[in-house]
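Text of model28.txt (compact mmCIF, C-alpha atoms) as supplied:
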```
# COMPACT_ATOMS: atom_id res chain seq x y z
CA MET L 1 149.57 -19.14 -112.28
CA ASN L 2 148.27 -20.76 -109.10
CA ALA L 3 149.39 -24.29 -108.35
CA LYS L 4 146.73 -27.00 -108.31
CA PRO L 5 145.35 -27.48 -104.77
CA MET L 6 146.49 -30.59 -102.96
CA THR L 7 144.10 -33.38 -102.21
CA PRO L 8 143.27 -33.78 -98.52
CA LEU L 9 145.50 -36.86 -98.32
CA GLN L 10 148.43 -35.05 -99.96
CA ARG L 11 147.90 -32.12 -97.59
CA VAL L 12 147.93 -34.36 -94.54
CA LEU L 13 150.93 -36.44 -95.61
CA THR L 14 152.92 -33.30 -96.34
CA THR L 15 152.25 -31.82 -92.91
CA LEU L 16 153.04 -35.14 -91.23
CA GLY L 17 156.41 -34.96 -92.96
CA HIS L 18 156.91 -31.61 -91.20
CA GLN L 19 156.76 -29.70 -94.43
CA GLU L 20 154.31 -27.02 -95.45
CA PRO L 21 151.44 -28.09 -97.73
CA ASP L 22 149.18 -25.64 -99.57
CA ARG L 23 147.31 -24.95 -96.33
CA VAL L 24 146.95 -26.25 -92.79
CA PRO L 25 144.91 -29.48 -92.88
CA MET L 26 141.63 -29.38 -90.97
CA PHE L 27 139.95 -32.34 -89.28
CA LEU L 28 136.48 -31.36 -88.08
CA LEU L 29 135.78 -34.47 -86.02
CA LEU L 30 132.03 -34.55 -86.47
CA THR L 31 130.02 -37.58 -85.43
CA MET L 32 126.48 -36.76 -84.28
CA HIS L 33 126.17 -33.82 -86.67
CA GLY L 34 125.53 -36.31 -89.45
CA ALA L 35 122.17 -37.02 -87.82
CA LYS L 36 121.29 -33.33 -88.17
CA GLU L 37 122.28 -33.39 -91.82
CA LEU L 38 119.95 -36.32 -92.50
CA GLY L 39 117.13 -35.24 -90.18
CA LEU L 40 117.45 -38.38 -88.04
CA SER L 41 117.66 -39.10 -84.34
CA ILE L 42 121.13 -39.99 -83.08
CA ARG L 43 120.02 -43.58 -82.41
CA GLU L 44 118.58 -43.99 -85.90
CA TYR L 45 121.59 -42.37 -87.52
CA PHE L 46 124.06 -44.78 -85.93
CA SER L 47 121.87 -47.80 -86.67
CA SER L 48 123.01 -47.91 -90.29
CA ALA L 49 126.37 -47.71 -92.04
CA ASP L 50 124.62 -46.08 -95.00
CA ASN L 51 123.43 -43.22 -92.77
CA VAL L 52 126.88 -42.56 -91.34
CA VAL L 53 128.52 -42.67 -94.75
CA GLU L 54 126.00 -40.25 -96.22
CA GLY L 55 126.48 -37.95 -93.23
CA GLN L 56 130.26 -38.00 -93.52
CA VAL L 57 130.19 -37.38 -97.27
CA ARG L 58 127.84 -34.43 -96.91
CA MET L 59 129.83 -32.88 -94.06
CA GLN L 60 133.16 -33.30 -95.84
CA LYS L 61 131.82 -31.36 -98.80
CA LYS L 62 129.98 -28.78 -96.71
CA TYR L 63 132.93 -27.85 -94.50
CA HIS L 64 135.85 -28.70 -96.82
CA ASN L 65 136.99 -31.22 -94.25
CA ASP L 66 140.26 -33.03 -94.83
CA CYS L 67 139.08 -36.40 -93.56
CA PHE L 68 136.21 -38.81 -93.18
CA TYR L 69 135.81 -39.60 -89.47
CA ASN L 70 134.29 -43.05 -89.14
CA PHE L 71 133.66 -42.97 -85.40
CA PHE L 72 130.19 -44.00 -84.29
CA TYR L 73 130.39 -43.92 -80.45
CA ALA L 74 132.79 -45.24 -77.82
CA SER L 75 130.46 -47.76 -76.19
CA ILE L 76 130.20 -49.70 -79.44
CA GLU L 77 133.28 -51.50 -78.09
CA VAL L 78 131.49 -52.37 -74.85
CA GLU L 79 128.63 -53.75 -76.93
CA ALA L 80 131.11 -56.23 -78.42
CA PHE L 81 131.74 -57.49 -74.86
CA GLY L 82 128.01 -57.94 -74.28
CA GLY L 83 127.23 -54.50 -72.86
CA GLN L 84 124.49 -52.05 -73.75
CA THR L 85 124.40 -48.43 -74.90
CA ILE L 86 122.21 -45.59 -73.65
CA PHE L 87 121.16 -43.17 -76.39
CA ARG L 88 120.06 -39.59 -75.90
CA ASP L 89 118.66 -36.97 -78.24
CA ASP L 90 121.29 -34.26 -77.84
CA GLY L 91 124.58 -35.88 -76.94
CA PRO L 92 126.86 -38.85 -77.45
CA PRO L 93 125.68 -42.38 -76.67
CA ASN L 94 127.12 -43.76 -73.44
CA ALA L 95 127.80 -47.19 -71.98
CA ALA L 96 125.09 -48.58 -69.70
CA GLU L 97 125.71 -51.00 -66.79
CA PRO L 98 129.34 -52.23 -66.58
CA VAL L 99 129.92 -55.64 -68.13
CA ILE L 100 132.39 -56.37 -65.30
CA GLN L 101 130.26 -56.32 -62.16
CA LYS L 102 132.86 -57.91 -59.87
CA ARG L 103 136.58 -58.52 -60.23
CA GLU L 104 136.16 -62.26 -60.70
CA ASP L 105 134.31 -61.54 -63.97
CA ILE L 106 137.68 -60.65 -65.49
CA LEU L 107 138.72 -64.30 -65.30
CA LYS L 108 135.82 -65.20 -67.60
CA LEU L 109 136.29 -62.29 -69.99
CA GLN L 110 137.07 -63.34 -73.56
CA VAL L 111 138.24 -61.41 -76.61
CA PRO L 112 135.04 -60.66 -78.58
CA ASP L 113 134.45 -62.21 -81.97
CA LEU L 114 134.19 -59.15 -84.23
CA ALA L 115 132.02 -61.05 -86.70
CA LYS L 116 129.38 -61.51 -84.00
CA ALA L 117 129.26 -57.85 -82.92
CA PRO L 118 126.57 -55.99 -84.93
CA GLY L 119 127.82 -52.50 -84.09
CA ILE L 120 131.38 -53.39 -85.04
CA GLN L 121 130.15 -54.79 -88.34
CA GLN L 122 128.28 -51.56 -89.12
CA VAL L 123 131.49 -49.57 -88.61
CA LEU L 124 133.44 -51.92 -90.88
CA ALA L 125 130.73 -51.66 -93.53
CA ALA L 126 130.97 -47.87 -93.33
CA HIS L 127 134.75 -48.06 -93.84
CA ARG L 128 134.27 -50.08 -97.00
CA LEU L 129 131.73 -47.61 -98.38
CA LEU L 130 133.81 -44.57 -97.43
CA LYS L 131 136.81 -46.06 -99.19
CA ASP L 132 134.91 -45.81 -102.47
CA HIS L 133 133.98 -42.18 -101.77
CA ALA L 134 137.53 -41.29 -100.71
CA ALA L 135 138.98 -42.57 -103.98
CA GLY L 136 142.48 -42.48 -102.52
CA GLU L 137 142.26 -38.71 -101.96
CA ILE L 138 140.63 -38.29 -98.53
CA PRO L 139 141.99 -39.90 -95.34
CA ILE L 140 139.55 -42.17 -93.50
CA ILE L 141 140.05 -42.14 -89.73
CA GLY L 142 139.14 -45.19 -87.69
CA VAL L 143 138.95 -45.19 -83.90
CA VAL L 144 139.81 -47.57 -81.06
CA MET L 145 139.79 -47.12 -77.31
CA SER L 146 143.16 -47.90 -75.76
CA PRO L 147 143.35 -51.08 -73.65
CA PHE L 148 144.23 -48.92 -70.65
CA SER L 149 141.24 -46.58 -71.02
CA LEU L 150 138.54 -49.06 -72.09
CA PRO L 151 137.99 -50.43 -68.53
CA VAL L 152 136.37 -47.15 -67.48
CA MET L 153 133.41 -48.27 -69.59
CA GLN L 154 133.82 -51.96 -68.79
CA MET L 155 133.76 -51.60 -65.00
CA GLY L 156 133.60 -47.92 -63.97
CA PHE L 157 136.26 -45.44 -62.82
CA GLU L 158 136.47 -46.26 -59.14
CA ALA L 159 136.41 -50.03 -59.52
CA TYR L 160 139.05 -49.84 -62.23
CA PHE L 161 141.49 -47.68 -60.29
CA ASP L 162 141.05 -49.89 -57.24
CA LEU L 163 141.80 -52.92 -59.43
CA ILE L 164 145.08 -51.47 -60.69
CA TYR L 165 146.56 -51.23 -57.20
CA GLU L 166 144.71 -53.93 -55.29
CA ALA L 167 144.64 -56.77 -57.82
CA PRO L 168 147.58 -56.40 -60.22
CA GLU L 169 147.25 -59.92 -61.61
CA LEU L 170 143.64 -59.31 -62.61
CA PHE L 171 144.66 -55.95 -64.05
CA GLN L 172 147.23 -57.69 -66.27
CA ARG L 173 144.63 -60.27 -67.30
CA LEU L 174 142.22 -57.48 -68.28
CA MET L 175 144.95 -55.70 -70.23
CA ALA L 176 145.80 -58.89 -72.14
CA VAL L 177 142.18 -59.28 -73.26
CA ASN L 178 141.82 -55.61 -74.13
CA GLU L 179 145.10 -55.48 -76.04
CA ALA L 180 144.11 -58.45 -78.19
CA PHE L 181 140.70 -56.88 -78.86
CA CYS L 182 142.16 -53.44 -79.63
CA VAL L 183 144.67 -54.86 -82.13
CA ALA L 184 142.06 -57.00 -83.90
CA TRP L 185 139.58 -54.12 -84.02
CA ALA L 186 142.13 -51.61 -85.33
CA ASN L 187 143.46 -53.97 -87.99
CA ALA L 188 139.94 -54.89 -89.11
CA GLN L 189 139.25 -51.19 -89.69
CA LEU L 190 142.48 -50.76 -91.62
CA GLU L 191 141.67 -53.79 -93.76
CA ALA L 192 138.19 -52.41 -94.44
CA GLY L 193 139.55 -49.09 -95.69
CA ALA L 194 140.73 -46.89 -92.82
CA THR L 195 143.83 -44.83 -93.59
CA ALA L 196 144.86 -44.42 -89.95
CA ILE L 197 143.65 -45.21 -86.44
CA CYS L 198 142.90 -42.72 -83.68
CA PHE L 199 144.04 -44.39 -80.45
CA PHE L 200 141.92 -42.77 -77.76
CA ASP L 201 143.60 -42.91 -74.36
CA PRO L 202 142.06 -40.30 -72.05
CA VAL L 203 142.88 -42.15 -68.81
CA SER L 204 146.58 -41.84 -69.69
CA SER L 205 146.47 -38.04 -69.87
CA GLN L 206 148.10 -35.95 -67.19
CA THR L 207 144.63 -34.74 -66.30
CA MET L 208 143.99 -38.28 -65.00
CA ILE L 209 147.31 -39.79 -63.90
CA THR L 210 150.87 -38.66 -63.16
CA PRO L 211 153.68 -38.86 -65.71
CA GLU L 212 155.31 -41.62 -63.66
CA GLN L 213 152.09 -43.61 -63.63
CA TYR L 214 151.92 -43.20 -67.40
CA ARG L 215 155.44 -44.53 -67.82
CA THR L 216 155.01 -47.52 -65.53
CA LEU L 217 151.39 -48.48 -66.21
CA SER L 218 150.12 -47.18 -69.52
CA GLN L 219 153.04 -46.58 -71.84
CA PRO L 220 154.16 -50.25 -71.98
CA ILE L 221 150.62 -51.23 -72.96
CA ALA L 222 150.46 -48.52 -75.63
CA LYS L 223 153.86 -49.59 -77.01
CA ARG L 224 152.83 -53.24 -77.32
CA THR L 225 149.48 -52.41 -78.84
CA ILE L 226 150.59 -49.78 -81.35
CA ALA L 227 153.43 -52.03 -82.52
CA ARG L 228 150.83 -54.59 -83.61
CA ILE L 229 148.50 -52.14 -85.37
CA GLN L 230 149.25 -52.43 -89.06
CA GLY L 231 148.94 -48.76 -89.94
CA PRO L 232 149.67 -45.25 -88.63
CA THR L 233 148.14 -44.12 -85.36
CA ALA L 234 147.28 -40.85 -83.65
CA THR L 235 147.21 -40.93 -79.86
CA HIS L 236 144.43 -38.74 -78.49
CA PHE L 237 143.87 -37.85 -74.84
CA ALA L 238 140.34 -36.45 -75.36
CA SER L 239 140.97 -32.97 -73.90
CA GLY L 240 143.49 -34.27 -71.36
CA ARG L 241 146.87 -32.61 -70.86
CA CYS L 242 149.99 -34.26 -72.27
CA LEU L 243 152.90 -31.79 -72.30
CA SER L 244 154.84 -33.63 -69.60
CA ILE L 245 154.72 -36.97 -71.44
CA VAL L 246 155.33 -35.88 -75.05
CA ASP L 247 158.66 -37.75 -75.28
CA ASP L 248 157.12 -40.87 -73.77
CA VAL L 249 154.19 -40.76 -76.20
CA ALA L 250 156.59 -40.43 -79.11
CA ASP L 251 158.39 -43.54 -77.89
CA THR L 252 155.19 -45.60 -78.33
CA GLY L 253 155.52 -45.32 -82.11
CA THR L 254 152.50 -43.13 -82.70
CA ALA L 255 152.69 -40.39 -85.33
CA ILE L 256 150.29 -37.74 -84.01
CA ILE L 257 149.32 -36.44 -80.58
CA GLY L 258 145.93 -34.92 -79.83
CA ILE L 259 146.45 -31.80 -77.75
CA SER L 260 144.39 -30.06 -75.09
CA ALA L 261 143.03 -26.54 -75.15
CA ASP L 262 144.58 -26.21 -71.69
CA GLU L 263 148.15 -26.34 -73.03
CA SER L 264 150.23 -24.23 -75.40
CA PRO L 265 150.51 -25.51 -78.99
CA ALA L 266 153.82 -23.68 -79.32
CA GLU L 267 155.28 -25.46 -76.28
CA LEU L 268 153.94 -28.82 -77.44
CA LYS L 269 155.37 -28.35 -80.91
CA ALA L 270 158.76 -27.35 -79.57
CA LYS L 271 158.85 -30.32 -77.21
CA SER L 272 157.74 -32.80 -79.85
CA ASN L 273 160.71 -31.66 -81.96
CA LYS L 274 159.26 -33.21 -85.16
CA ARG L 275 158.86 -36.63 -83.56
CA LEU L 276 155.12 -36.05 -83.44
CA SER L 277 152.63 -33.93 -85.34
CA LEU L 278 149.95 -32.03 -83.44
CA LEU L 279 146.18 -32.50 -83.74
CA GLY L 280 144.01 -29.84 -82.10
CA ASN L 281 143.36 -27.75 -80.08
CA LEU L 282 140.13 -25.78 -80.60
CA ASN L 283 137.94 -25.81 -77.50
CA GLY L 284 134.79 -27.72 -78.48
CA ILE L 285 132.89 -26.71 -75.35
CA GLU L 286 133.57 -23.02 -75.91
CA MET L 287 132.77 -23.50 -79.59
CA ARG L 288 129.09 -23.81 -78.66
CA ARG L 289 129.06 -20.08 -77.87
CA TRP L 290 131.42 -18.77 -80.54
CA THR L 291 130.61 -15.99 -82.94
CA ALA L 292 132.21 -15.99 -86.38
CA GLN L 293 134.79 -13.57 -84.98
CA ASP L 294 135.56 -15.92 -82.10
CA ALA L 295 136.07 -18.80 -84.52
CA GLU L 296 138.42 -16.76 -86.68
CA ALA L 297 140.46 -15.61 -83.67
CA ALA L 298 140.82 -19.17 -82.32
CA VAL L 299 141.90 -20.54 -85.69
CA LYS L 300 144.42 -17.77 -86.18
CA ALA L 301 145.84 -18.30 -82.70
CA ILE L 302 146.69 -21.97 -83.11
CA ILE L 303 148.05 -21.47 -86.62
CA ALA L 304 150.24 -18.62 -85.39
CA ASP L 305 151.48 -20.76 -82.50
CA ALA L 306 152.13 -24.04 -84.31
CA GLY L 307 151.46 -23.80 -88.03
CA ALA L 308 154.90 -22.82 -89.36
CA GLY L 309 156.86 -25.66 -90.90
CA GLY L 310 153.95 -28.11 -91.05
CA GLY L 311 153.31 -30.68 -88.37
CA LEU L 312 149.86 -29.28 -87.45
CA ILE L 313 146.39 -30.60 -88.22
CA LEU L 314 143.80 -28.14 -86.95
CA SER L 315 140.99 -29.85 -85.05
CA ASP L 316 139.01 -29.68 -81.83
CA ASN L 317 140.71 -30.70 -78.60
CA HIS L 318 138.44 -33.58 -77.60
CA GLY L 319 138.06 -35.73 -80.69
CA GLU L 320 134.32 -35.12 -81.02
CA ILE L 321 132.68 -31.76 -81.59
CA PRO L 322 129.61 -31.32 -79.37
CA PHE L 323 126.19 -31.80 -80.93
CA GLN L 324 125.23 -28.27 -79.84
CA VAL L 325 127.83 -26.57 -82.03
CA GLU L 326 125.93 -24.88 -84.85
CA SER L 327 126.63 -25.29 -88.55
CA GLU L 328 127.35 -21.56 -88.86
CA THR L 329 130.19 -21.91 -86.35
CA LEU L 330 131.68 -24.87 -88.19
CA GLN L 331 131.49 -22.94 -91.44
CA ALA L 332 133.25 -20.00 -89.76
CA VAL L 333 136.05 -22.31 -88.57
CA SER L 334 136.40 -23.72 -92.08
CA ALA L 335 136.42 -20.26 -93.67
CA ALA L 336 139.10 -19.08 -91.25
CA VAL L 337 141.31 -22.06 -92.12
CA GLN L 338 140.86 -21.35 -95.83
CA GLU L 339 141.87 -17.71 -95.31
CA TRP L 340 144.54 -17.85 -92.62
CA GLY L 341 145.94 -21.35 -93.07
CA ARG L 342 147.45 -20.81 -96.51
CA TYR L 343 151.18 -21.40 -96.75
CA PRO L 344 153.48 -19.60 -96.61
CA LEU L 345 152.10 -17.89 -93.53
CA LYS L 346 152.76 -14.21 -94.26
CA TRP L 347 150.89 -12.76 -91.34
CA SER L 348 151.13 -12.53 -87.58
CA ARG L 349 148.41 -11.97 -85.00
```
Go ahead and render the structure in this file as structure tokens.
Amino acid sequence: MNAKPMTPLQRVLTTLGHQEPDRVPMFLLLTMHGAKELGLSIREYFSSADNVVEGQVRMQKKYHNDCFYNFFYASIEVEAFGGQTIFRDDGPPNAAEPVIQKREDILKLQVPDLAKAPGIQQVLAAHRLLKDHAAGEIPIIGVVMSPFSLPVMQMGFEAYFDLIYEAPELFQRLMAVNEAFCVAWANAQLEAGATAICFFDPVSSQTMITPEQYRTLSQPIAKRTIARIQGPTATHFASGRCLSIVDDVADTGTAIIGISADESPAELKAKSNKRLSLLGNLNGIEMRRWTAQDAEAAVKAIIADAGAGGGLILSDNHGEIPFQVESETLQAVSAAVQEWGRYPLKWSR
């Protein structure tokens, strides 16, 4: 007689304990696809918590997803600081003009009042609604930008990197404001119903900075911030490489590391040595061109490399699946996980 299937939350908690659940958990991190489901523009979709909740509920059922992903768009945080967002019809919303136009603006920068940020309030409303749909059985993932990575949207890449080395006191002032905001924003999401927080930190990846720069600049900020977030976190480098800093990431107190398609899941799992679980690493860009056979092969490859013994949540490598990825491809990924992700893994590629 077959055992009763686990709930998504049970499945995830088991794998995070580095034990084998009934199958490999799958997080299809779908944001804009909810607009397709509802027949709305991306701007209209993200204008309402009700829209996002309905989109997430439909997609969870359609693809047998193991989470609700309550991420609207990254620049919603910049909006809280007084910035604007540029919407497009076929891709993620992006931050408009930097809110920090010159370095001296940092001295006037204040931690935003979450209650006065309309976009933030829509996300929190969605968390509360999703909590009812989850019924304690489906993880709800909230998202924050790390204090170290947020300035790319606040002031632009070049100005930010110049600031780090040319004006260290202003850099520390900016980090203090961003840390306070990040902690308040993460904890507000947890209070509203999020199960865990995805801590996006792409600027800290080894695609952007050296391991030594991570240890001296970014890791202390991540440690301080994560210690004050009142729930579990997953650190995600948004496609960036992280093999050389796995031990340092584990030392921040995070539970999960988002891994790049450019690195080996087997090597990352061995190096993490059960201190971290892996999230990834399907290539979302390539996914736009996948056949059903491609999807099956990619799913089998990561499960073969890193699925044994738990500690793997199958997902894309960026933290947001491109709008251009078709529903048929997502269904093929889901079907492959259902077929090849069942424990015990009695096959090899």
(message) Given the point (153.9, -20.6, -90.9) in the coordinates of this file, which residues lie within 6 Å, counting all atoms listed in the file, and how would they look as a ChimeraX atom specification?
(response) /L:307-309,344-345
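In terms of minimum interatomic distance to Thr31 (chain L), L:Gln324 ranks closest within L:Gln213, L:Gln172, L:Gln101, L:Gln324, counting only C-alpha atoms.
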(request) Quote the spacing between CA of Ala297 (chain L) and CA of Val333 (chain L) in Å to one decimal place. (result) 9.4 Å
Would you list the contacts of Lys4 (chain L) as a PDB file with C-alpha atoms, keeping the file's coordinate frame, taking every protein, DNA or RNA residue within 12 Å and counting all atoms listed in the file, but skipping same-chain residues closer than 3 positions in sequence?
```pdb
ATOM      1  CA  MET L   1     149.570 -19.140-112.280  1.00  0.00           C
ATOM      2  CA  THR L   7     144.100 -33.380-102.210  1.00  0.00           C
ATOM      3  CA  GLN L  10     148.430 -35.050 -99.960  1.00  0.00           C
ATOM      4  CA  ARG L  11     147.900 -32.120 -97.590  1.00  0.00           C
ATOM      5  CA  PRO L  21     151.440 -28.090 -97.730  1.00  0.00           C
ATOM      6  CA  ASP L  22     149.180 -25.640 -99.570  1.00  0.00           C
TER       7      ASP L  22
END
```
(request) Between CA of Phe46 (chain L) and CA of Glu320 (chain L), measure the distance and give it in Å to one decimal. (result) 14.9 Å
Would you pick out the contacts of Ala192 (chain L) at 12 Å or less, using all atoms listed in the file, so that residues sharing its chain but fewer than 2 positions from it are not included, and give the list as a PDB file with C-alpha atoms, in the coordinates of the input?
```
ATOM      1  CA  ASN L  70     134.290 -43.050 -89.140  1.00  0.00           C
ATOM      2  CA  ILE L 120     131.380 -53.390 -85.040  1.00  0.00           C
ATOM      3  CA  GLN L 121     130.150 -54.790 -88.340  1.00  0.00           C
ATOM      4  CA  GLN L 122     128.280 -51.560 -89.120  1.00  0.00           C
ATOM      5  CA  VAL L 123     131.490 -49.570 -88.610  1.00  0.00           C
ATOM      6  CA  LEU L 124     133.440 -51.920 -90.880  1.00  0.00           C
ATOM      7  CA  ALA L 125     130.730 -51.660 -93.530  1.00  0.00           C
ATOM      8  CA  ALA L 126     130.970 -47.870 -93.330  1.00  0.00           C
ATOM      9  CA  HIS L 127     134.750 -48.060 -93.840  1.00  0.00           C
ATOM     10  CA  ARG L 128     134.270 -50.080 -97.000  1.00  0.00           C
ATOM     11  CA  LEU L 129     131.730 -47.610 -98.380  1.00  0.00           C
ATOM     12  CA  LEU L 130     133.810 -44.570 -97.430  1.00  0.00           C
ATOM     13  CA  LYS L 131     136.810 -46.060 -99.190  1.00  0.00           C
ATOM     14  CA  ASP L 132     134.910 -45.810-102.470  1.00  0.00           C
ATOM     15  CA  ILE L 140     139.550 -42.170 -93.500  1.00  0.00           C
ATOM     16  CA  ILE L 141     140.050 -42.140 -89.730  1.00  0.00           C
ATOM     17  CA  GLY L 142     139.140 -45.190 -87.690  1.00  0.00           C
ATOM     18  CA  TRP L 185     139.580 -54.120 -84.020  1.00  0.00           C
ATOM     19  CA  ALA L 186     142.130 -51.610 -85.330  1.00  0.00           C
ATOM     20  CA  ASN L 187     143.460 -53.970 -87.990  1.00  0.00           C
ATOM     21  CA  ALA L 188     139.940 -54.890 -89.110  1.00  0.00           C
ATOM     22  CA  GLN L 189     139.250 -51.190 -89.690  1.00  0.00           C
ATOM     23  CA  LEU L 190     142.480 -50.760 -91.620  1.00  0.00           C
ATOM     24  CA  ALA L 194     140.730 -46.890 -92.820  1.00  0.00           C
ATOM     25  CA  THR L 195     143.830 -44.830 -93.590  1.00  0.00           C
ATOM     26  CA  ALA L 196     144.860 -44.420 -89.950  1.00  0.00           C
TER      27      ALA L 196
END
```
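Within the 9 Å cut-off around Pro232 (chain L), using all atoms listed in the file and omitting residues fewer than 3 positions from it on the same chain, the listed residues are Thr195, Ala196, Ile197, Cys198, Ile226, Ile229, Gly253, Thr254, Ala255 and Ile256 of chain L.
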(request) Tell me, in Å to one decimal, how far CA of Tyr214 (chain L) is from CA of Leu279 (chain L). (result) 20.4 Å
(request) Have a look at L:Glu37, L:Asp162, L:Asp294, L:Asp248 and name the one nearest to Lys61 (chain L); count all atoms listed in the file. (result) L:Glu37
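Using only C-alpha atoms for every distance, the candidate list L:Arg23, L:Gln338, L:Leu174, L:Ala304 yields L:Leu174 as the residue closest to Ile221 (chain L).
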(request) Take the point (128.3, -37.5, -79.6) in the file's coordinates, draw a sphere of radius 8 Å around it, and report as a PyMOL selection string every protein, DNA or RNA residue with an atom inside or on it, counting only C-alpha atoms. (result) chain L and resi 31-32+73+90-93+320-323
(request) Find the spatial neighbours of Glu44 (chain L), counting all atoms listed in the file, within a cut-off of 12 Å - ignore same-chain residues fewer than 3 positions away - and output them as a VMD selection string. (result) chain L and resid 32 34 to 36 38 to 41 47 to 52 72 87 to 89 93
Mind dumping the selected residues with C-alpha atoms as a PDB file, keeping the file's coordinate frame?
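Saved the output as again.pdb:
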```pdb
ATOM      1  CA  MET L  32     126.480 -36.760 -84.280  1.00  0.00           C
ATOM      2  CA  GLY L  34     125.530 -36.310 -89.450  1.00  0.00           C
ATOM      3  CA  ALA L  35     122.170 -37.020 -87.820  1.00  0.00           C
ATOM      4  CA  LYS L  36     121.290 -33.330 -88.170  1.00  0.00           C
ATOM      5  CA  LEU L  38     119.950 -36.320 -92.500  1.00  0.00           C
ATOM      6  CA  GLY L  39     117.130 -35.240 -90.180  1.00  0.00           C
ATOM      7  CA  LEU L  40     117.450 -38.380 -88.040  1.00  0.00           C
ATOM      8  CA  SER L  41     117.660 -39.100 -84.340  1.00  0.00           C
ATOM      9  CA  SER L  47     121.870 -47.800 -86.670  1.00  0.00           C
ATOM     10  CA  SER L  48     123.010 -47.910 -90.290  1.00  0.00           C
ATOM     11  CA  ALA L  49     126.370 -47.710 -92.040  1.00  0.00           C
ATOM     12  CA  ASP L  50     124.620 -46.080 -95.000  1.00  0.00           C
ATOM     13  CA  ASN L  51     123.430 -43.220 -92.770  1.00  0.00           C
ATOM     14  CA  VAL L  52     126.880 -42.560 -91.340  1.00  0.00           C
ATOM     15  CA  PHE L  72     130.190 -44.000 -84.290  1.00  0.00           C
ATOM     16  CA  PHE L  87     121.160 -43.170 -76.390  1.00  0.00           C
ATOM     17  CA  ARG L  88     120.060 -39.590 -75.900  1.00  0.00           C
ATOM     18  CA  ASP L  89     118.660 -36.970 -78.240  1.00  0.00           C
ATOM     19  CA  PRO L  93     125.680 -42.380 -76.670  1.00  0.00           C
TER      20      PRO L  93
END
```
(request) Please identify all polymer residues within 10 Å of Ile86 (chain L), counting all atoms listed in the file, omitting same-chain residues fewer than 4 positions from it, and present them as a PyMOL selection string. (result) chain L and resi 43+75+92-97
(message) Let me make sure I understand: among L:Asn273, L:Asn65, L:Ser260, L:Thr15, which one has the smallest atom-to-atom distance to Phe27 (chain L) if we use only C-alpha atoms?
(response)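 Smallest distance to Phe27 (chain L) is found for L:Asn65.
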(request) Point out the residue among L:Gly319, L:Met145, L:Ile164, L:Glu267 with the least atom-to-atom distance to Thr216 (chain L), counting all atoms listed in the file. (result) L:Ile164
(request) Have a look at L:Arg288, L:Lys269, L:His318, L:Arg228 and name the one nearest to Pro202 (chain L); count all atoms listed in the file. (result) L:His318
